[in-house]
Structure formats: C-alpha cells, structure tokens
file start-v2.csv (CSV, C-alpha atoms and all ligand atoms)
chain,number,residue,atom,x,y,z
A,162,MET,CA,-21.5,36.2,-15.0
A,163,GLU,CA,-17.8,35.8,-15.7
A,164,TRP,CA,-16.8,37.6,-12.5
A,165,ILE,CA,-19.0,35.2,-10.5
A,166,LEU,CA,-17.1,32.2,-11.9
A,167,VAL,CA,-13.8,33.9,-11.3
A,168,SER,CA,-14.7,34.7,-7.7
A,169,VAL,CA,-15.9,31.1,-7.1
A,170,PHE,CA,-12.7,29.8,-8.5
A,171,VAL,CA,-10.6,32.2,-6.4
A,172,ILE,CA,-12.5,31.3,-3.2
A,173,LEU,CA,-12.2,27.5,-3.9
A,174,SER,CA,-8.5,27.8,-4.7
A,175,SER,CA,-7.9,29.8,-1.4
A,176,VAL,CA,-9.8,27.2,0.6
A,177,LEU,CA,-7.7,24.4,-1.0
A,178,ILE,CA,-4.4,26.2,-0.4
A,179,ILE,CA,-5.3,27.0,3.2
A,180,ALA,CA,-6.3,23.3,3.8
A,181,ILE,CA,-3.0,22.1,2.3
A,182,ILE,CA,-0.9,24.5,4.4
A,183,PHE,CA,-2.9,23.5,7.5
A,184,SER,CA,-2.4,19.8,7.0
A,185,ARG,CA,1.3,20.3,6.2
A,186,THR,CA,1.9,22.3,9.3
A,187,SER,CA,-0.3,20.2,11.6
A,188,LYS,CA,1.6,18.2,14.2
A,189,GLY,CA,1.1,14.5,14.2
A,190,ASN,CA,-1.4,14.5,17.0
A,191,GLU,CA,-3.8,16.8,15.3
A,192,LEU,CA,-4.2,14.3,12.5
A,193,LYS,CA,-4.9,11.4,14.7
A,194,PRO,CA,-8.3,10.0,15.3
A,195,PHE,CA,-10.1,11.1,18.4
A,196,SER,CA,-12.2,8.8,20.6
A,197,THR,CA,-14.1,9.2,23.7
A,198,THR,CA,-14.2,5.6,24.8
A,199,THR,CA,-13.7,4.7,28.5
A,200,PRO,CA,-13.5,1.4,30.3
A,201,ASP,CA,-17.0,1.9,31.6
A,202,LEU,CA,-18.4,2.4,28.1
A,203,VAL,CA,-16.4,-0.7,26.9
A,204,ARG,CA,-17.9,-2.7,29.8
A,205,LYS,CA,-21.5,-1.7,28.9
A,206,TYR,CA,-20.7,-2.3,25.2
A,207,TYR,CA,-19.6,-5.9,25.9
A,208,ASP,CA,-22.3,-6.5,28.4
A,209,GLU,CA,-24.9,-5.7,25.8
A,210,ASN,CA,-23.2,-7.2,22.7
A,211,THR,CA,-21.2,-10.3,23.7
A,212,ASP,CA,-24.1,-12.6,22.6
A,213,LYS,CA,-23.9,-11.0,19.2
A,214,PHE,CA,-20.1,-11.5,19.0
A,215,LEU,CA,-20.4,-15.1,20.1
A,216,LYS,CA,-23.0,-15.8,17.4
A,217,VAL,CA,-20.7,-14.7,14.6
A,218,TYR,CA,-17.1,-15.0,16.0
A,219,GLY,CA,-17.6,-18.0,18.2
A,220,GLU,CA,-15.6,-18.0,21.4
A,221,ILE,CA,-12.5,-16.4,19.9
A,222,ILE,CA,-13.4,-12.7,19.4
A,223,GLN,CA,-10.7,-11.7,17.0
A,224,ALA,CA,-10.9,-10.3,13.5
A,225,PHE,CA,-7.5,-11.3,12.2
A,226,ARG,CA,-7.5,-15.1,12.3
A,227,THR,CA,-7.2,-18.3,10.2
A,228,LYS,CA,-10.3,-20.2,8.9
A,229,ASP,CA,-9.4,-22.9,11.4
A,230,VAL,CA,-9.0,-20.6,14.4
A,231,ASP,CA,-7.0,-23.2,16.4
A,232,GLU,CA,-4.2,-22.7,13.8
A,233,TYR,CA,-4.1,-19.0,14.7
A,234,LEU,CA,-4.1,-19.8,18.5
A,235,ASN,CA,-1.2,-22.2,18.0
A,236,TYR,CA,0.6,-19.4,16.1
A,237,THR,CA,-0.1,-17.2,19.1
A,238,ILE,CA,1.5,-19.7,21.5
A,239,LYS,CA,4.6,-19.8,19.3
A,240,ASN,CA,5.0,-16.1,18.8
A,241,ALA,CA,4.1,-15.0,22.3
A,242,ARG,CA,6.6,-17.7,23.4
A,243,PHE,CA,4.3,-19.4,25.8
A,244,THR,CA,5.8,-22.6,27.3
A,245,ASP,CA,4.2,-25.1,29.7
A,246,GLY,CA,4.3,-24.1,33.4
A,247,MET,CA,4.3,-20.4,32.7
A,248,LYS,CA,2.1,-17.9,34.6
A,249,LEU,CA,0.1,-15.8,32.1
A,250,LEU,CA,-2.2,-12.8,32.3
A,251,ASP,CA,-4.8,-12.6,29.6
A,252,ALA,CA,-5.7,-8.9,29.5
A,253,GLY,CA,-9.1,-8.6,27.8
A,254,CYS,CA,-9.9,-12.3,27.8
A,255,GLY,CA,-13.4,-12.3,26.2
A,256,VAL,CA,-15.3,-15.4,27.3
A,257,ALA,CA,-11.9,-17.2,27.9
A,258,GLY,CA,-12.0,-18.9,24.5
A,259,PRO,CA,-8.2,-18.3,24.0
A,260,ALA,CA,-7.3,-19.1,27.6
A,261,LEU,CA,-9.1,-22.5,27.5
A,262,PHE,CA,-7.3,-23.3,24.2
A,263,PHE,CA,-3.9,-22.5,25.7
A,264,ALA,CA,-4.6,-24.5,28.8
A,265,LYS,CA,-5.5,-27.5,26.6
A,266,GLN,CA,-2.3,-27.2,24.7
A,267,LEU,CA,-0.1,-26.5,27.8
A,268,PRO,CA,-1.7,-28.4,30.7
A,269,LYS,CA,0.7,-27.0,33.4
A,270,ILE,CA,0.0,-23.4,32.5
A,271,SER,CA,-1.7,-21.0,34.9
A,272,ILE,CA,-3.8,-18.1,33.5
A,273,ASP,CA,-5.3,-15.2,35.2
A,274,ALA,CA,-8.0,-14.0,32.7
A,275,CYS,CA,-9.3,-10.4,33.0
A,276,THR,CA,-12.2,-8.8,31.3
A,277,ILE,CA,-14.0,-5.5,31.9
A,278,SER,CA,-17.4,-7.1,31.1
A,279,THR,CA,-19.5,-8.6,33.9
A,280,THR,CA,-21.4,-10.7,31.3
A,281,GLN,CA,-18.2,-12.1,29.8
A,282,ALA,CA,-16.7,-12.8,33.3
A,283,LYS,CA,-19.8,-14.8,34.1
A,284,MET,CA,-19.8,-16.7,30.8
A,285,ALA,CA,-16.1,-17.4,31.1
A,286,ASN,CA,-16.6,-18.8,34.6
A,287,GLU,CA,-19.4,-21.0,33.4
A,288,LYS,CA,-17.3,-22.4,30.6
A,289,ILE,CA,-14.3,-23.0,32.8
A,290,ALA,CA,-16.5,-24.7,35.5
A,291,VAL,CA,-17.5,-27.4,32.9
A,292,SER,CA,-14.0,-27.8,31.5
A,293,ASN,CA,-11.0,-29.8,32.6
A,294,PHE,CA,-9.1,-26.6,33.3
A,295,LYS,CA,-10.6,-25.3,36.5
A,296,LYS,CA,-7.2,-25.4,38.2
A,297,ASN,CA,-5.5,-23.6,35.3
A,298,ILE,CA,-7.7,-20.5,34.8
A,299,THR,CA,-9.0,-17.8,37.2
A,300,VAL,CA,-11.3,-15.1,35.9
A,301,THR,CA,-11.4,-11.6,37.2
A,302,GLN,CA,-13.9,-8.9,36.2
A,303,GLY,CA,-11.6,-5.9,36.2
A,304,ASP,CA,-10.0,-3.1,34.3
A,305,TYR,CA,-6.6,-3.9,32.7
A,306,HIS,CA,-5.5,-0.3,33.3
A,307,LEU,CA,-5.3,-1.3,36.9
A,308,VAL,CA,-3.5,-4.7,36.7
A,309,ASP,CA,-0.9,-3.3,39.1
A,310,SER,CA,-3.5,-3.1,41.8
A,311,LEU,CA,-5.4,-6.3,40.8
A,312,TYR,CA,-2.4,-8.7,40.7
A,313,GLU,CA,0.8,-9.6,42.5
A,314,HIS,CA,3.8,-7.5,41.4
A,315,ASN,CA,6.7,-9.3,39.6
A,316,SER,CA,4.6,-12.4,39.2
A,317,PHE,CA,3.8,-13.0,35.4
A,318,ASP,CA,5.9,-14.6,32.7
A,319,ARG,CA,3.6,-13.1,30.0
A,320,VAL,CA,0.8,-10.5,29.9
A,321,TYR,CA,-1.0,-10.7,26.6
A,322,PHE,CA,-3.6,-8.7,24.7
A,323,LEU,CA,-5.4,-10.3,21.8
A,324,GLU,CA,-7.3,-7.6,20.0
A,325,SER,CA,-8.1,-6.0,23.4
A,326,PHE,CA,-5.4,-3.4,23.8
A,327,GLY,CA,-7.0,-1.0,21.3
A,328,HIS,CA,-10.0,-0.5,23.7
A,329,SER,CA,-7.7,1.4,26.1
A,330,ASN,CA,-8.1,5.1,26.4
A,331,ASN,CA,-4.8,5.4,28.2
A,332,LYS,CA,-2.2,3.1,26.6
A,333,LYS,CA,0.7,4.5,28.6
A,334,LYS,CA,-1.1,3.6,31.8
A,335,VAL,CA,-1.7,0.1,30.7
A,336,ILE,CA,1.9,-0.5,29.5
A,337,GLU,CA,3.3,0.9,32.8
A,338,ALA,CA,0.9,-1.1,34.9
A,339,VAL,CA,1.8,-4.3,33.1
A,340,TRP,CA,5.5,-3.6,33.8
A,341,GLU,CA,4.7,-3.8,37.6
A,342,VAL,CA,3.2,-7.3,37.4
A,343,LEU,CA,5.7,-8.8,35.0
A,344,LYS,CA,8.6,-10.8,36.4
A,345,PRO,CA,12.0,-9.5,35.3
A,346,GLY,CA,12.5,-11.4,32.0
A,347,GLY,CA,8.7,-11.5,31.6
A,348,MET,CA,7.1,-10.2,28.4
A,349,ILE,CA,4.2,-8.2,27.1
A,350,TYR,CA,2.6,-9.4,23.9
A,351,ILE,CA,0.1,-7.3,21.9
A,352,LYS,CA,-1.7,-8.4,18.8
A,353,ASP,CA,-4.0,-5.7,17.5
A,354,LEU,CA,-5.0,-3.3,14.8
A,355,PHE,CA,-3.1,-0.1,14.3
A,356,ARG,CA,-4.0,3.0,12.2
A,357,ARG,CA,-2.5,2.8,8.7
A,358,GLU,CA,0.0,5.5,7.8
A,359,VAL,CA,0.3,6.8,4.2
A,360,SER,CA,2.2,9.7,2.7
A,361,ASP,CA,-0.7,11.2,0.9
A,362,GLU,CA,-2.2,13.7,3.3
A,363,TRP,CA,-5.8,13.5,1.9
A,364,GLU,CA,-5.7,9.8,2.0
A,365,GLN,CA,-4.5,10.0,5.6
A,366,VAL,CA,-7.4,12.2,6.5
A,367,ARG,CA,-9.8,9.7,5.0
A,368,ILE,CA,-8.1,6.8,6.9
A,369,ASN,CA,-8.4,8.8,10.1
A,370,THR,CA,-12.1,9.4,9.4
A,371,ILE,CA,-12.7,5.6,8.8
A,372,CYS,CA,-10.7,4.8,12.0
A,373,GLU,CA,-12.9,7.2,13.9
A,374,GLN,CA,-16.0,5.4,12.6
A,375,ILE,CA,-14.6,2.1,13.8
A,376,ASN,CA,-13.7,3.7,17.2
A,377,SER,CA,-17.2,4.9,17.8
A,378,ALA,CA,-18.9,1.6,16.5
A,379,TYR,CA,-16.7,-0.7,18.6
A,380,HIS,CA,-15.7,1.6,21.6
A,381,TYR,CA,-12.2,1.4,20.4
A,382,GLN,CA,-9.3,3.8,20.3
A,383,ILE,CA,-7.2,2.4,17.4
A,384,ALA,CA,-3.6,2.7,18.4
A,385,ASP,CA,-0.9,4.6,16.7
A,386,LEU,CA,2.1,2.1,16.3
A,387,ASN,CA,4.7,4.8,16.7
A,388,ASP,CA,3.2,6.1,19.9
A,389,VAL,CA,2.9,2.6,21.4
A,390,LEU,CA,6.5,1.7,20.5
A,391,SER,CA,7.6,4.9,22.0
A,392,ILE,CA,5.8,4.2,25.3
A,393,ILE,CA,7.2,0.7,25.4
A,394,ARG,CA,10.8,1.8,24.8
A,395,LYS,CA,10.6,4.8,27.2
A,396,LYS,CA,9.5,2.6,30.0
A,397,GLY,CA,12.6,0.5,29.5
A,398,TYR,CA,11.2,-2.7,27.9
A,399,ILE,CA,13.4,-4.5,25.4
A,400,LEU,CA,11.6,-4.6,22.1
A,401,HIS,CA,12.0,-8.1,20.7
A,402,PHE,CA,9.9,-7.6,17.6
A,403,VAL,CA,7.1,-5.7,15.9
A,404,LYS,CA,5.8,-7.6,12.9
A,405,ILE,CA,2.7,-8.4,10.9
A,406,PRO,CA,1.0,-11.7,11.9
A,407,GLU,CA,2.2,-14.2,9.4
A,408,VAL,CA,-0.3,-16.8,8.3
A,409,LYS,CA,-0.5,-18.7,5.0
A,410,LEU,CA,-2.9,-16.9,2.6
A,411,SER,CA,-4.7,-20.2,2.0
A,412,GLY,CA,-5.6,-20.5,5.7
A,413,PHE,CA,-6.4,-16.8,6.3
A,414,GLU,CA,-10.0,-15.9,7.1
A,415,GLN,CA,-10.5,-12.9,4.8
A,416,LEU,CA,-12.1,-10.8,7.5
A,417,THR,CA,-15.5,-12.1,6.3
A,418,ILE,CA,-16.5,-12.8,9.8
A,419,SER,CA,-16.1,-9.1,10.7
A,420,ASN,CA,-18.2,-8.1,7.6
A,421,ASP,CA,-20.9,-10.6,8.6
A,422,PHE,CA,-20.9,-9.2,12.1
A,423,GLN,CA,-21.3,-5.6,10.7
A,424,ASN,CA,-24.1,-6.6,8.3
A,425,LEU,CA,-26.0,-8.8,10.7
A,426,PHE,CA,-26.0,-6.4,13.6
A,427,ASN,CA,-25.6,-3.1,11.9
A,428,ILE,CA,-22.6,-2.3,14.1
A,429,GLY,CA,-19.8,-0.5,12.2
A,430,LYS,CA,-21.5,-1.3,8.9
A,431,ILE,CA,-19.8,0.2,5.9
A,432,GLU,CA,-22.5,2.1,4.1
A,433,SER,CA,-20.5,2.8,0.9
A,434,TRP,CA,-17.4,1.2,-0.5
A,435,ASP,CA,-17.0,4.0,-3.1
A,436,ASP,CA,-14.3,6.0,-1.3
A,437,TYR,CA,-13.3,3.3,1.2
A,438,ILE,CA,-9.6,2.9,2.0
A,439,PHE,CA,-8.4,0.1,4.2
A,440,PRO,CA,-7.7,2.0,7.4
A,441,ILE,CA,-5.7,-0.3,9.6
A,442,ASP,CA,-2.7,-2.7,9.8
A,443,PHE,CA,-2.5,-5.7,12.1
A,444,PHE,CA,0.7,-6.0,14.1
A,445,GLU,CA,2.2,-8.2,16.8
A,446,ILE,CA,4.5,-6.7,19.4
A,447,LEU,CA,6.7,-8.6,21.9
A,448,ALA,CA,8.6,-6.7,24.5
A,449,GLU,CA,10.5,-7.8,27.6
A,450,LYS,CA,10.9,-6.3,31.1
A,451,PRO,CA,14.7,-6.7,31.5
A,452,MET,CA,16.3,-8.9,34.1
A,453,TYR,CA,19.1,-6.6,34.7
A,454,ASN,CA,19.4,-3.2,36.4
A,455,LEU,CA,18.3,-0.6,33.8
A,456,GLU,CA,20.4,2.2,35.4
A,457,LYS,CA,23.7,0.3,35.3
A,458,GLU,CA,23.6,-2.2,32.5
A,459,LYS,CA,21.6,-0.7,29.6
A,460,HIS,CA,23.4,-2.7,26.9
A,461,LEU,CA,22.9,-6.2,28.2
A,462,TYR,CA,20.3,-7.4,25.6
A,463,PHE,CA,22.2,-10.7,25.1
A,464,MET,CA,21.4,-11.8,28.6
A,465,ASN,CA,17.9,-12.6,27.4
A,466,LYS,CA,19.0,-15.3,25.0
B,1,LIG,C1,-12.3,-8.0,20.8
B,1,LIG,S1,-12.5,-8.7,22.4
B,1,LIG,C2,-11.2,-9.9,22.4
B,1,LIG,C3,-11.4,-11.0,23.5
B,1,LIG,C4,-10.4,-12.1,23.6
B,1,LIG,N1,-9.1,-11.6,23.7
B,1,LIG,C5,-10.5,-13.1,22.5
B,1,LIG,O1,-9.6,-13.2,21.7
B,1,LIG,O2,-11.6,-13.7,22.3
B,1,LIG,C6,-11.9,-7.4,23.5
B,1,LIG,C7,-11.8,-7.8,24.9
B,1,LIG,O3,-11.1,-6.8,25.6
B,1,LIG,C8,-11.8,-6.6,26.9
B,1,LIG,N2,-11.4,-5.3,27.4
B,1,LIG,C9,-11.6,-4.1,26.8
B,1,LIG,N3,-11.2,-3.1,27.6
B,1,LIG,C10,-10.8,-3.6,28.8
B,1,LIG,C11,-10.3,-3.1,30.0
B,1,LIG,N4,-10.2,-1.8,30.2
B,1,LIG,N5,-10.0,-4.0,31.0
B,1,LIG,C12,-10.2,-5.4,30.8
B,1,LIG,N6,-10.7,-5.9,29.7
B,1,LIG,C13,-11.0,-5.0,28.7
B,1,LIG,C14,-13.2,-6.8,26.6
B,1,LIG,O4,-13.9,-7.0,27.7
B,1,LIG,C15,-13.1,-8.0,25.6
B,1,LIG,O5,-13.1,-9.1,26.4
call {"tool": "encode", "arguments": {"input": "start-v2.csv", "output": "structure tokens", "more": "lines below"}}
Ligand SMILES: C[S@@+](CC[C@H](N)C(=O)[O-])C[C@H]1O[C@@H](n2cnc3c(N)ncnc32)[C@H](O)[C@@H]1O
result
Amino acid sequence: MEWILVSVFVILSSVLIIAIIFSRTSKGNELKPFSTTTPDLVRKYYDENTDKFLKVYGEIIQAFRTKDVDEYLNYTIKNARFTDGMKLLDAGCGVAGPALFFAKQLPKISIDACTISTTQAKMANEKIAVSNFKKNITVTQGDYHLVDSLYEHNSFDRVYFLESFGHSNNKKKVIEAVWEVLKPGGMIYIKDLFRREVSDEWEQVRINTICEQINSAYHYQIADLNDVLSIIRKKGYILHFVKIPEVKLSGFEQLTISNDFQNLFNIGKIESWDDYIFPIDFFEILAEKPMYNLEKEKHLYFMNK
C-alpha cells in the first residue's frame, strides 16, 4: 500500500516539475492564446448577431464605456485628437453609432466607415439616410485588412478602431495597410482589450485559457500589447501614447452590459466564477505616421507639436 502512495507521489511530483520547467523555458508565443478567427467568420458572426448586440449595447457596441455613453464618445474625440474638418476612417464601424455621434459634434468632419458585416453596413446606411449627416458619412462593407486597396493613399487624418482591432487575425497587415492610407502627420487610434500579463506562470496559463474562451465566443483574437507596439514602432510610426482609458469611477459602466449580453444570449457566458481571473486590460494607443523622411530625419519628433 505504502509503495503505491510513494509511486503516486513521485509521478505527480515529476509531472509538476516537468510542467514548471516547460513553462519556464517556453518562449512567449507558446504561452499566447491561439485563435482561428478570420474576417469571413467575423462577418458571419456579426451578420447573425448584430440584432442581439443592438438590443443590449444600443448603437455603440463597446464594452468599456461610461453609463452615459456620449461621455465616453466625447472622451474618444479628445483622446483620438479629432478636430472639425478632418477626414476620418472608422475601421470596424458597427452600425455607425460612433460615426453619427462624431458627425453631430464636429459637423464639418468627413468619415469613411467600414464594417466587415453586410447586415451592419445595411443598417448603418439606413440610419445615415434618415440623419442630418448624409454628406459626412460614407459606409463601405469591406475588410479593414485591405484598407490600402479600398481607400485613397495618404488621404486620412485619423484611422480609428473602437473595440474592432482585436477581431483581426493579422494585426501586422492591418497596421501596415493603415500606414498607406494615412496622410503624413495622420494618426492611428486603437481602443481595445489586450491580454493581461502577470508574473505568476500558472495564473498566466489561466488568463490565456479565459482569453481563448473569449476569442472563440466573440470571434476575437485578443491582442498582445507588446506585439502590437512592436509592429507599430517597427513600421516607423511615432508612438504618442499608450494608456488606460481614464474615466471617472462614478461614470464608469461596470461592464454589466457585457455580462447582460452573455447571460441573455449565452454567448461567452461565464459558467463558474470560482477560478475566474480578470483576463484583459483595456488600452488606448495613439501613433503617428511621421511627416518627415524616416531615412534621413529619424529624430525629428518635435516637428509634430
Ligand atoms: C465590437 S464591434 C464595434 C463596433 C463599433 N466600433 C462601435 O463602437 O459601435 C466590432 C466591429 O468590428 C468590425 N470588424 C471586425 N473585423 C473586421 C474587418 N476585418 N474589417 C472590417 N470590420 C471589421 C465588425 O464588423 C464590428 O462592426
């Protein structure tokens, strides 16, 4: 009997030691969540589920927001540094809820709004047709990985992604395509969720598992902040900031809308809170395509002031 217990103990200890060695020697990528999403699957997902999102989220399909969502959109205007008269590209525009709000606040603005979903493009066009902003907003059903073939090069002041970037299965391609359509001095703005990083390896494995559940429920591929910043910097963008969205706690919508959505439609529902670890962080990123010649004048950041 005793030898059975000893053997079990030895086997379990060996498994534990091997697992620890493996996780310590694993390179970053091996610990990262894996997802098989594609633009085509995302399109089908939103074609089938947009009505559900609208019922719970309203026309602004974003999880991180304020209770009065207009407050959050005004915050976006400020932080993405939109000013009246600019030419914007809304990459992943939903049903054009944010674009309509921005046009109302900045009446001389021009927005090209792009969504992968046929259903959303149709709804967005219907909403715009009965608004006062027909001249401001043009909707395209298309894939934001291909903005460089959909839109004129060097033409946009801002290209922005409001909780849409994480659907991409090729973030390098998106960031490089955006570069082509931005004017020199134009900026990419991304607000999204990113995989949390912790020092405890077991906790990280748990975080990765939960991220993977979110990825498959929402056809997402939650981004790794370090990877995204590296792509942005390698391309030659000037990184203006990466920061958490800052809203007053009293005005913050405590992600209850997202929970309601999960419970109501059984999409991404959290079955047990027992070993739940909050798996993501929200960040905003603002980066600029420089006005100067990258090869000759690498240091001229001050020119952007
Ligand atoms: C969570 S919704 C956010 C919608 C909108 N930004 C808002 O705030 O209401 C994600 C959006 O990203 C769009 N999207 C995802 N992948 C895309 C792609 N490859 N090309 C264009 N749009 C995409 C979806 O169609 C959807 O409109």
call {"tool": "residues_near_ligand", "arguments": {"input": "start-v2.csv", "ligand": "ligand LIG 1 (chain B)", "cutoff": "7 Å", "atoms": "only C-alpha atoms and all ligand atoms", "output": "count of residues only"}}
result
32
call {"tool": "residues_around", "arguments": {"input": "start-v2.csv", "residues": "Trp340 of chain A", "least_positions_apart": "3", "cutoff": "10 Å", "atoms": "only C-alpha atoms", "output": "PyMOL selection string"}}
result
chain A and resi 308-309+314-315+317+320+334-337+343-345+347-349+393+396-398+449-451
call {"tool": "atom_distance", "arguments": {"input": "start-v2.csv", "atom1": "atom CA of Ser377 of chain A", "atom2": "atom CA of Met284 of chain A"}}
result
25.3 Å
call {"tool": "atom_distance", "arguments": {"input": "start-v2.csv", "atom1": "atom CA of Asp318 of chain A", "atom2": "atom CA of Ile238 of chain A"}}
result
13.1 Å
call {"tool": "atom_distance", "arguments": {"input": "start-v2.csv", "atom1": "atom CA of Asp353 of chain A", "atom2": "atom CA of Gln415 of chain A"}}
result
16.0 Å
call {"tool": "residues_around", "arguments": {"input": "start-v2.csv", "residues": "Leu461 of chain A", "least_positions_apart": "6", "cutoff": "10 Å", "atoms": "only C-alpha atoms", "output": "short mmCIF file (atom, residue, chain, number, x, y, z; two decimals) with C-alpha atoms, keeping the file's coordinate frame"}}
result
data_model
loop_
_atom_site.label_atom_id
_atom_site.label_comp_id
_atom_site.auth_asym_id
_atom_site.auth_seq_id
_atom_site.Cartn_x
_atom_site.Cartn_y
_atom_site.Cartn_z
CA PRO A 451 14.70 -6.70 31.50
CA MET A 452 16.30 -8.90 34.10
CA TYR A 453 19.10 -6.60 34.70
CA ASN A 454 19.40 -3.20 36.40
CA LEU A 455 18.30 -0.60 33.80
#
call {"tool": "closest_residue", "arguments": {"input": "start-v2.csv", "among": "A:Arg226, A:Gly327, A:Lys248, A:Ile383", "to": "Ala274 of chain A", "atoms": "all atoms listed in the file"}}
result
A:Lys248
call {"tool": "closest_residue", "arguments": {"input": "start-v2.csv", "among": "A:Thr198, A:Gln302, A:Asn210, A:Asp231", "to": "Gly412 of chain A", "atoms": "all atoms listed in the file"}}
result
A:Asp231
call {"tool": "residues_near_point", "arguments": {"input": "start-v2.csv", "point": "(-10.6, -19.1, 5.2)", "cutoff": "10 Å", "atoms": "only C-alpha atoms", "output": "short mmCIF file (atom, residue, chain, number, x, y, z; two decimals) with C-alpha atoms, in the coordinates of the input"}}
result
data_model
loop_
_atom_site.label_atom_id
_atom_site.label_comp_id
_atom_site.auth_asym_id
_atom_site.auth_seq_id
_atom_site.Cartn_x
_atom_site.Cartn_y
_atom_site.Cartn_z
CA ARG A 226 -7.50 -15.10 12.30
CA THR A 227 -7.20 -18.30 10.20
CA LYS A 228 -10.30 -20.20 8.90
CA ASP A 229 -9.40 -22.90 11.40
CA VAL A 230 -9.00 -20.60 14.40
CA LEU A 410 -2.90 -16.90 2.60
CA SER A 411 -4.70 -20.20 2.00
CA GLY A 412 -5.60 -20.50 5.70
CA PHE A 413 -6.40 -16.80 6.30
CA GLU A 414 -10.00 -15.90 7.10
CA GLN A 415 -10.50 -12.90 4.80
CA LEU A 416 -12.10 -10.80 7.50
CA THR A 417 -15.50 -12.10 6.30
CA ILE A 418 -16.50 -12.80 9.80
#
call {"tool": "build_atoms", "arguments": {"input": "start-v2.csv", "residues": "segment 423-430 of chain A", "atoms": "all heavy atoms", "output": "PDB file, in the frame of the given file"}}
result
ATOM      1  N   GLN A 423     -20.824  -7.001  11.014  1.00  0.00           N
ATOM      2  CA  GLN A 423     -21.300  -5.600  10.700  1.00  0.00           C
ATOM      3  C   GLN A 423     -22.652  -5.646  10.059  1.00  0.00           C
ATOM      4  O   GLN A 423     -23.554  -4.886  10.410  1.00  0.00           O
ATOM      5  CB  GLN A 423     -20.276  -4.916   9.821  1.00  0.00           C
ATOM      6  CG  GLN A 423     -18.976  -4.586  10.532  1.00  0.00           C
ATOM      7  CD  GLN A 423     -17.800  -4.428   9.578  1.00  0.00           C
ATOM      8  OE1 GLN A 423     -17.970  -4.415   8.364  1.00  0.00           O
ATOM      9  NE2 GLN A 423     -16.607  -4.317  10.123  1.00  0.00           N
ATOM     10  N   ASN A 424     -22.808  -6.548   9.090  1.00  0.00           N
ATOM     11  CA  ASN A 424     -24.100  -6.600   8.300  1.00  0.00           C
ATOM     12  C   ASN A 424     -25.226  -7.103   9.164  1.00  0.00           C
ATOM     13  O   ASN A 424     -26.327  -6.582   9.122  1.00  0.00           O
ATOM     14  CB  ASN A 424     -23.903  -7.404   7.061  1.00  0.00           C
ATOM     15  CG  ASN A 424     -22.980  -6.698   6.096  1.00  0.00           C
ATOM     16  OD1 ASN A 424     -22.947  -5.466   6.068  1.00  0.00           O
ATOM     17  ND2 ASN A 424     -22.213  -7.455   5.344  1.00  0.00           N
ATOM     18  N   LEU A 425     -24.920  -8.148   9.948  1.00  0.00           N
ATOM     19  CA  LEU A 425     -26.000  -8.800  10.700  1.00  0.00           C
ATOM     20  C   LEU A 425     -26.514  -7.878  11.808  1.00  0.00           C
ATOM     21  O   LEU A 425     -27.723  -7.803  12.042  1.00  0.00           O
ATOM     22  CB  LEU A 425     -25.408 -10.077  11.324  1.00  0.00           C
ATOM     23  CG  LEU A 425     -26.362 -11.162  11.740  1.00  0.00           C
ATOM     24  CD1 LEU A 425     -27.233 -11.579  10.575  1.00  0.00           C
ATOM     25  CD2 LEU A 425     -25.579 -12.385  12.232  1.00  0.00           C
ATOM     26  N   PHE A 426     -25.605  -7.188  12.465  1.00  0.00           N
ATOM     27  CA  PHE A 426     -26.000  -6.400  13.600  1.00  0.00           C
ATOM     28  C   PHE A 426     -25.957  -4.906  13.436  1.00  0.00           C
ATOM     29  O   PHE A 426     -26.189  -4.128  14.354  1.00  0.00           O
ATOM     30  CB  PHE A 426     -25.221  -6.828  14.870  1.00  0.00           C
ATOM     31  CG  PHE A 426     -25.397  -8.276  15.188  1.00  0.00           C
ATOM     32  CD1 PHE A 426     -24.361  -9.170  15.047  1.00  0.00           C
ATOM     33  CD2 PHE A 426     -26.641  -8.758  15.596  1.00  0.00           C
ATOM     34  CE1 PHE A 426     -24.536 -10.516  15.308  1.00  0.00           C
ATOM     35  CE2 PHE A 426     -26.823 -10.099  15.875  1.00  0.00           C
ATOM     36  CZ  PHE A 426     -25.768 -10.980  15.733  1.00  0.00           C
ATOM     37  N   ASN A 427     -25.600  -4.510  12.212  1.00  0.00           N
ATOM     38  CA  ASN A 427     -25.600  -3.100  11.900  1.00  0.00           C
ATOM     39  C   ASN A 427     -24.632  -2.313  12.819  1.00  0.00           C
ATOM     40  O   ASN A 427     -24.890  -1.158  13.150  1.00  0.00           O
ATOM     41  CB  ASN A 427     -26.997  -2.526  11.989  1.00  0.00           C
ATOM     42  CG  ASN A 427     -27.211  -1.462  10.941  1.00  0.00           C
ATOM     43  OD1 ASN A 427     -26.343  -1.265  10.087  1.00  0.00           O
ATOM     44  ND2 ASN A 427     -28.323  -0.768  11.016  1.00  0.00           N
ATOM     45  N   ILE A 428     -23.583  -3.002  13.275  1.00  0.00           N
ATOM     46  CA  ILE A 428     -22.600  -2.300  14.100  1.00  0.00           C
ATOM     47  C   ILE A 428     -21.360  -2.085  13.214  1.00  0.00           C
ATOM     48  O   ILE A 428     -20.791  -3.023  12.665  1.00  0.00           O
ATOM     49  CB  ILE A 428     -22.185  -3.175  15.337  1.00  0.00           C
ATOM     50  CG1 ILE A 428     -23.390  -3.334  16.277  1.00  0.00           C
ATOM     51  CG2 ILE A 428     -20.998  -2.562  16.086  1.00  0.00           C
ATOM     52  CD1 ILE A 428     -23.167  -4.232  17.476  1.00  0.00           C
ATOM     53  N   GLY A 429     -21.002  -0.830  13.046  1.00  0.00           N
ATOM     54  CA  GLY A 429     -19.800  -0.500  12.200  1.00  0.00           C
ATOM     55  C   GLY A 429     -19.999  -0.833  10.769  1.00  0.00           C
ATOM     56  O   GLY A 429     -19.026  -1.043  10.053  1.00  0.00           O
ATOM     57  N   LYS A 430     -21.267  -0.883  10.311  1.00  0.00           N
ATOM     58  CA  LYS A 430     -21.500  -1.300   8.900  1.00  0.00           C
ATOM     59  C   LYS A 430     -20.966  -0.252   7.945  1.00  0.00           C
ATOM     60  O   LYS A 430     -21.112   0.952   8.160  1.00  0.00           O
ATOM     61  CB  LYS A 430     -23.041  -1.415   8.729  1.00  0.00           C
ATOM     62  CG  LYS A 430     -23.416  -2.097   7.440  1.00  0.00           C
ATOM     63  CD  LYS A 430     -24.883  -2.402   7.420  1.00  0.00           C
ATOM     64  CE  LYS A 430     -25.283  -2.854   6.035  1.00  0.00           C
ATOM     65  NZ  LYS A 430     -26.712  -2.968   5.891  1.00  0.00           N
TER      66      LYS A 430
END
